[in-house]
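Here's the structure we're looking at; comments come further down.
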Amino acid sequence: MTVAESNRPHPTDASRYVPIAEHGLIGDLRTAALVDTGGTIDWYCPVRFDAPSVFASILDTDRGGSFRLTPDVPARTKQFYFPDTNILITRFFADDGVAEVQDFMPIVDDSREADRHRLIRRVLCVRGSLPFTARVSPRFDYARQSHTVRTEQGLTIFESPELSLALTSSVTVETDGLDAVSTFKLVEGEAAVFALDRIGGAVRPRHCPQAEAEELFNATVRYWRRWLSQSRYRGRWREMVHRSALTLKLLTYAPTGAIVAAPTTSLPEQIGGERNWDYRYAWVRDSAFCIYALLRLGFTQEAEAFVRFLSEDIRLGDGPGGPLQIMYGIDGRSEIPEQMLPHLEGHLGSSPVRVGNAAVDQLQLDIYGALVDSLYLYDKWGQPLSSGHWDTVCEVVGWVCDNWDRPDMSVWETRSGPQHFLYSQLMCWVAIERAMRIARHRGLPADMSRWSRARDDIYRRIMRSGWSPRRLAFVQREGEEVLDASVLMMPLSKFISPTDPKWLSTLDALGEELVSDSLVYRYDPTVSPDGLRGAEGTFSICSFWYVEALSRAGRVDEARLAFEKMLTYANHVGLYAEEIGRTGEQIGNFPQAFTHLALISAAFNLDRALG
């Protein structure tokens, strides 16, 4: 029996895990934590998104570590965000009272305090009385490092070889083996505060009295509301669009401007399967699309920070993926080695648990189109590109002109060998076409004759080799007749008219084969093997692309119904994982930037179509 087989849970083991969708997200623009609807923090990597976890019970309920804060009596729970913020509130309704836990991470300007990465949990009893137990069970370095626990001047200090955490509380805390435990009772009007700090270097242990917690709560509310007030969106779906924007901001690493694809690793695309990946890095594609979505809303500072990340933290190279890698560390590093953690069983037994990502060395030509398109929009809606940025664009586009017809792994990062994917050629066309727009608009120097020849060659190649007369549709790759939802980007990128007969025929074919009640599959892995075992759910970004393609094609009623249906698949606080399973459950890393940026774009275009 393999490790993966031995770790797969029996059906009764499902009760040991809270579903992926039963979580909210908090963060401080450097890292993030997941809080489940029962009041437990079951994913948290102190200091930065891609650091080793200290709470990872979402990946192994027994070994991963957690911070549990729950009533000692049966209670119903409800969870929501404090309006227009990323402060998460979990409410408990019991026979003898009602209480709530307010979870947040303060966002502070002082560098030393930012390095504290303080995580605050305030418990308030609002009616009657309720007994509570808090248990803090850190398991350092993905539960690979041992640690000690000691008390010091009213603080509880957890120390491992590479990281130390300090817990302060307004109620009594005792040590219990490797954990810290507090049992207390609150009556109406009373509150308790827990604060967990990363300490070391210039960051010294410090108490968090209730007055300071109140002050930090109010300051955090002001920060998020001030940030959100920049939004220009006034459409029909303001609540969902703004929640998506707040989520994208939470996935931003403030020190560099990098944007992570998701704050988690190895949440499965299929329960019990091997499609488990680490998304805590900055994909060029995902980041570029995020900038597009945020620019549409009016958030130009994030675009400026990302452009600065590209120019200051990333160096163009000559690797297997061309001048750019498909992803980078949030600090701009190029090495992201992938390893497996066999001591963790995985969410619901879905192993392996991976950290790092071996796809970093893949050739994915589509990233160049996403990047240049985002720079085009930044130049249009943000700040004019500098001369240095334009030099970079010219270098990138020159490389694309020479390499657009190479086989690659494309947007879905298949592990079955390179192919001539239509989507990759499409986005190479976008890279060249958007660069030509910038050059014409700004009067910048460019090798227009070379660029236009390559652009036109790509167009003719797609129209000739990407079209299947038998399927009456554009297909996934040359020489095959497999449908792929990535072709939905053809009208969205302005490659083809959204009412072109060939495109309308393609849209019908996709609807018949890949769409299931508004939900869209990327492709059928049984007819297009991707090098991995098992099936997957519908891909939520594709579902929102489908909405946008329908609205652009004039099928506005269908688009609106599909969009409204998609909104019902969001979780209780408006968050989406990467995919939707067969019974509507969220699967894959959570929450995923790709999905939320596509929601924003679909809402914008649908609003415009509805008038």
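Note on naming: chains are A, B, ... as they come in the structure tokens, residues start from 1 per chain, ligands start from 1 in the order shown.
Residues in contact with A:Thr61 at up to 10 Å, not including ones fewer than 2 positions away on its chain and judged by only C-alpha atoms, are Arg16, Tyr17, Val18, Asp42, Phe55, Ala56, Ser57, Ile58, Leu59, Arg63, Gly64, Gly65, Ser66, Leu344, Glu345, Gly346, His347 and Leu348 of chain A.
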field: Expected answer as number ranges by chain: helix (DSSP H, G or I) residues in stretch 56-283 of chain A
entry: A: 111-114, 140-143, 210-228, 238-250
message: I want to know what sits within 7 Å of A:Ala593, based on only C-alpha atoms, with residues of the same chain fewer than 4 positions away left out; could you give that as a ChimeraX atom specification?
response: /A:248,261-262,597
Interface rows for stretch 181-267 of chain A against stretch 159-164 of chain A: nearest pair, Å to one decimal, 12 Å, only C-alpha atoms, as JSON lines:
```
{"residue": "A:Leu196", "atom": "CA", "partner": "A:Ser164", "partner_atom": "CA", "distance": 10.4}
{"residue": "A:Asp197", "atom": "CA", "partner": "A:Ser164", "partner_atom": "CA", "distance": 8.5}
{"residue": "A:Arg198", "atom": "CA", "partner": "A:Ser164", "partner_atom": "CA", "distance": 6.1}
{"residue": "A:Ile199", "atom": "CA", "partner": "A:Ser164", "partner_atom": "CA", "distance": 5.7}
{"residue": "A:Gly200", "atom": "CA", "partner": "A:Ser164", "partner_atom": "CA", "distance": 6.8}
{"residue": "A:Gly201", "atom": "CA", "partner": "A:Ser164", "partner_atom": "CA", "distance": 10.4}
{"residue": "A:Val203", "atom": "CA", "partner": "A:Ser164", "partner_atom": "CA", "distance": 10.6}
{"residue": "A:Arg204", "atom": "CA", "partner": "A:Ser164", "partner_atom": "CA", "distance": 10.6}
{"residue": "A:Pro205", "atom": "CA", "partner": "A:Ser164", "partner_atom": "CA", "distance": 10.0}
```
I need the chosen residues saved as a JSON list (two decimals), in the first residue's frame, with all heavy atoms.
```json
[["chain", "number", "residue", "atom", "x", "y", "z"],
["A", 196, "LEU", "N", -1.54, 36.88, 19.05],
["A", 196, "LEU", "CA", -0.41, 36.01, 18.75],
["A", 196, "LEU", "C", 0.57, 36.80, 17.89],
["A", 196, "LEU", "O", 0.21, 37.28, 16.81],
["A", 196, "LEU", "CB", -0.88, 34.75, 18.02],
["A", 196, "LEU", "CG", 0.16, 33.66, 17.79],
["A", 196, "LEU", "CD1", 0.61, 33.04, 19.12],
["A", 196, "LEU", "CD2", -0.39, 32.57, 16.87],
["A", 197, "ASP", "N", 1.79, 36.93, 18.38],
["A", 197, "ASP", "CA", 2.81, 37.72, 17.70],
["A", 197, "ASP", "C", 3.98, 36.85, 17.27],
["A", 197, "ASP", "O", 4.39, 35.94, 18.01],
["A", 197, "ASP", "CB", 3.38, 38.81, 18.62],
["A", 197, "ASP", "CG", 2.36, 39.86, 19.01],
["A", 197, "ASP", "OD1", 1.26, 39.84, 18.45],
["A", 197, "ASP", "OD2", 2.67, 40.67, 19.90],
["A", 198, "ARG", "N", 4.56, 37.18, 16.14],
["A", 198, "ARG", "CA", 5.87, 36.66, 15.79],
["A", 198, "ARG", "C", 6.89, 37.55, 16.49],
["A", 198, "ARG", "O", 6.80, 38.78, 16.41],
["A", 198, "ARG", "CB", 6.05, 36.68, 14.27],
["A", 198, "ARG", "CG", 7.46, 36.29, 13.82],
["A", 198, "ARG", "CD", 8.28, 37.51, 13.54],
["A", 198, "ARG", "NE", 9.60, 37.17, 13.00],
["A", 198, "ARG", "CZ", 10.57, 38.06, 12.81],
["A", 198, "ARG", "NH1", 10.36, 39.33, 13.11],
["A", 198, "ARG", "NH2", 11.74, 37.68, 12.34],
["A", 199, "ILE", "N", 7.83, 36.96, 17.21],
["A", 199, "ILE", "CA", 8.83, 37.75, 17.93],
["A", 199, "ILE", "C", 10.22, 37.32, 17.52],
["A", 199, "ILE", "O", 10.43, 36.25, 16.96],
["A", 199, "ILE", "CB", 8.67, 37.62, 19.47],
["A", 199, "ILE", "CG1", 8.77, 36.15, 19.90],
["A", 199, "ILE", "CG2", 7.36, 38.23, 19.92],
["A", 199, "ILE", "CD1", 8.79, 35.96, 21.40],
["A", 200, "GLY", "N", 11.19, 38.19, 17.81],
["A", 200, "GLY", "CA", 12.58, 37.92, 17.45],
["A", 200, "GLY", "C", 13.21, 39.14, 16.84],
["A", 200, "GLY", "O", 12.52, 39.98, 16.25],
["A", 201, "GLY", "N", 14.51, 39.27, 16.99],
["A", 201, "GLY", "CA", 15.20, 40.45, 16.47],
["A", 201, "GLY", "C", 14.73, 41.70, 17.17],
["A", 201, "GLY", "O", 14.72, 41.77, 18.41],
["A", 203, "VAL", "N", 11.73, 42.77, 17.26],
["A", 203, "VAL", "CA", 10.34, 42.62, 17.72],
["A", 203, "VAL", "C", 10.34, 41.89, 19.05],
["A", 203, "VAL", "O", 10.62, 40.68, 19.12],
["A", 203, "VAL", "CB", 9.49, 41.85, 16.69],
["A", 203, "VAL", "CG1", 8.04, 41.76, 17.16],
["A", 203, "VAL", "CG2", 9.56, 42.52, 15.33],
["A", 204, "ARG", "N", 10.06, 42.61, 20.13],
["A", 204, "ARG", "CA", 10.06, 42.05, 21.47],
["A", 204, "ARG", "C", 8.65, 41.68, 21.88],
["A", 204, "ARG", "O", 7.66, 42.24, 21.39],
["A", 204, "ARG", "CB", 10.63, 43.06, 22.48],
["A", 204, "ARG", "CG", 11.99, 43.66, 22.09],
["A", 204, "ARG", "CD", 13.00, 42.56, 21.79],
["A", 204, "ARG", "NE", 13.15, 41.64, 22.91],
["A", 204, "ARG", "CZ", 13.67, 40.43, 22.81],
["A", 204, "ARG", "NH1", 14.05, 39.96, 21.63],
["A", 204, "ARG", "NH2", 13.77, 39.67, 23.88],
["A", 205, "PRO", "N", 8.51, 40.72, 22.80],
["A", 205, "PRO", "CA", 7.17, 40.36, 23.28],
["A", 205, "PRO", "C", 6.46, 41.57, 23.88],
["A", 205, "PRO", "O", 7.08, 42.41, 24.55],
["A", 205, "PRO", "CB", 7.46, 39.30, 24.36],
["A", 205, "PRO", "CG", 8.80, 38.74, 24.00],
["A", 205, "PRO", "CD", 9.57, 39.88, 23.40]]
```
- prompt: Hey, what's within 9 Å of A:Glu304 if we count only C-alpha atoms and toss same-chain stuff fewer than 5 positions away? As JSON, numbers by chain, please?
  reply: {"A": [257, 309, 378, 382, 383]}
task: Within 12 Å of stretch 148-154 of chain A, counting only C-alpha atoms, which residues show up once you throw out same-chain ones fewer than 6 positions away? Write them as number ranges by chain, please.
output: A: 136-140, 160-161, 163-181, 205-209
query: Could you work out how far atom CA of A:Tyr546 lies from atom CA of A:Asn403, giving the answer in Å with one decimal?
result: 29.3 Å
Residue neighbourhood stretch 131-133 of chain A, 10 Å, only C-alpha atoms, exclusion window fewer than 4 positions, as a compact mmCIF listing (two decimals) with C-alpha atoms, in the first residue's frame:
```txt
# COMPACT_ATOMS: atom_id res chain seq x y z
CA ARG A 68 -9.24 26.81 18.44
CA LEU A 69 -11.53 29.31 20.15
CA THR A 70 -15.03 27.93 20.69
CA PRO A 71 -17.82 27.76 23.27
CA ASP A 72 -17.92 24.74 25.58
CA VAL A 73 -21.61 24.26 24.88
CA ASP A 96 -27.68 30.53 27.38
CA GLY A 97 -26.21 33.30 25.32
CA ALA A 99 -21.13 35.64 21.59
CA VAL A 123 -14.27 37.41 22.08
CA CYS A 125 -20.44 38.11 24.88
CA VAL A 181 -5.05 26.43 26.97
CA SER A 182 -7.46 28.92 28.46
CA THR A 183 -10.89 28.14 29.90
CA PHE A 184 -13.05 31.12 30.78
CA LYS A 185 -16.63 32.34 30.98
CA LEU A 186 -18.00 35.63 29.71
CA VAL A 187 -21.25 37.33 30.68
```
Can you build me a table of stretch 226-317 of chain A residues sitting at most 12 Å from stretch 405-419 of chain A, with the closest atom pair per residue and its distance in Å to one decimal, using only C-alpha atoms, sorted by chain and residue number, as a tab-separated table?
```
residue	atom	partner	partner_atom	distance
A:Arg275	CA	A:Thr414	CA	11.1
A:Trp277	CA	A:Glu413	CA	11.2
A:Trp283	CA	A:Val411	CA	10.8
A:Val284	CA	A:Val411	CA	11.1
A:Arg285	CA	A:Val411	CA	8.4
A:Asp286	CA	A:Val411	CA	10.1
```
Using only C-alpha atoms, which residues sit within 10 Å of A:Lys249 once same-chain residues fewer than 4 positions away are excluded, as a tab-separated table (two decimals) with N, CA, C and O atoms, in the first residue's frame?
```
chain	number	residue	atom	x	y	z
A	27	GLY	N	-5.93	38.80	6.89
A	27	GLY	CA	-4.53	38.97	6.53
A	27	GLY	C	-4.05	40.38	6.79
A	27	GLY	O	-4.83	41.28	7.13
A	28	ASP	N	-2.73	40.58	6.59
A	28	ASP	CA	-2.11	41.89	6.83
A	28	ASP	C	-1.26	42.34	5.66
A	28	ASP	O	-0.35	43.15	5.82
A	29	LEU	N	-1.56	41.84	4.44
A	29	LEU	CA	-0.84	42.20	3.22
A	29	LEU	C	0.59	41.65	3.22
A	29	LEU	O	1.42	42.09	2.42
A	86	ASN	N	-11.91	43.52	5.84
A	86	ASN	CA	-11.48	42.12	5.90
A	86	ASN	C	-11.36	41.64	7.34
A	86	ASN	O	-10.56	40.76	7.64
A	224	TRP	N	-9.33	49.51	5.80
A	224	TRP	CA	-10.03	48.80	4.71
A	224	TRP	C	-11.10	49.67	4.07
A	224	TRP	O	-11.28	49.64	2.85
A	227	TRP	N	-9.41	52.22	1.86
A	227	TRP	CA	-8.93	51.61	0.62
A	227	TRP	C	-10.09	51.35	-0.34
A	227	TRP	O	-10.02	51.68	-1.53
A	228	LEU	N	-11.19	50.79	0.17
A	228	LEU	CA	-12.31	50.42	-0.69
A	228	LEU	C	-13.01	51.65	-1.27
A	228	LEU	O	-13.63	51.57	-2.34
A	243	ARG	N	-16.32	42.59	-2.49
A	243	ARG	CA	-15.71	41.49	-1.73
A	243	ARG	C	-14.58	40.87	-2.53
A	243	ARG	O	-13.53	40.51	-1.96
A	244	SER	N	-14.75	40.75	-3.83
A	244	SER	CA	-13.68	40.21	-4.66
A	244	SER	C	-12.47	41.14	-4.65
A	244	SER	O	-11.32	40.69	-4.59
A	245	ALA	N	-12.71	42.45	-4.72
A	245	ALA	CA	-11.61	43.41	-4.68
A	245	ALA	C	-10.87	43.33	-3.34
A	245	ALA	O	-9.63	43.33	-3.30
A	253	TYR	N	1.25	41.04	-1.55
A	253	TYR	CA	2.39	41.08	-0.64
A	253	TYR	C	2.95	42.50	-0.67
A	253	TYR	O	3.66	42.88	-1.61
A	254	ALA	N	2.62	43.28	0.34
A	254	ALA	CA	2.91	44.72	0.33
A	254	ALA	C	4.39	45.07	0.14
A	254	ALA	O	4.69	46.05	-0.56
A	259	ILE	N	1.50	39.52	-6.15
A	259	ILE	CA	0.16	39.02	-5.84
A	259	ILE	C	0.18	37.50	-5.92
A	259	ILE	O	0.57	36.94	-6.96
A	290	CYS	N	-5.00	40.20	-12.42
A	290	CYS	CA	-5.45	40.91	-11.22
A	290	CYS	C	-5.32	42.42	-11.41
A	290	CYS	O	-6.21	43.18	-11.02
A	294	LEU	N	-8.23	45.22	-11.00
A	294	LEU	CA	-8.14	46.32	-10.04
A	294	LEU	C	-8.12	47.67	-10.74
A	294	LEU	O	-8.69	48.65	-10.24
A	299	PHE	N	-8.22	51.10	-8.74
A	299	PHE	CA	-7.12	50.91	-7.78
A	299	PHE	C	-5.78	50.94	-8.54
A	299	PHE	O	-5.23	49.91	-8.92
A	302	GLU	N	-2.09	49.57	-6.75
A	302	GLU	CA	-1.71	48.16	-6.83
A	302	GLU	C	-1.03	47.87	-8.16
A	302	GLU	O	-0.08	47.08	-8.23
A	593	ALA	N	-7.32	33.92	-6.55
A	593	ALA	CA	-7.35	35.24	-7.18
A	593	ALA	C	-7.98	35.18	-8.57
A	593	ALA	O	-8.79	36.05	-8.94
```
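You will find atom CA of A:Met489 at 7.2 Å from atom CA of A:Trp545.
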- prompt: stretch 383-589 of chain A: which residues are strand (DSSP E or B) by DSSP, as a PyMOL selection string?
  reply: chain A and resi 408+419+421+467-468+473-474+477+515-516+519-520+538-539+579-580+586-587
- prompt: For A:Asp60, which residue among A:Leu341, A:Ala288, A:Ala195, A:Ala305 is the nearest when counting only C-alpha atoms?
  reply: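 Of A:Leu341, A:Ala288, A:Ala195, A:Ala305, the one nearest A:Asp60 is A:Leu341, counting only C-alpha atoms.
One finds atom CA of A:Met566 at 21.5 Å from atom CA of A:Thr506.
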task: Identify which of the residues A:Ala577, A:Arg470, A:Val527, A:Ile462 lies closest to A:Val482, counting only C-alpha atoms when measuring atom-to-atom distances.
output: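 Looking at the shortest contact to A:Val482, the residue is A:Val527.
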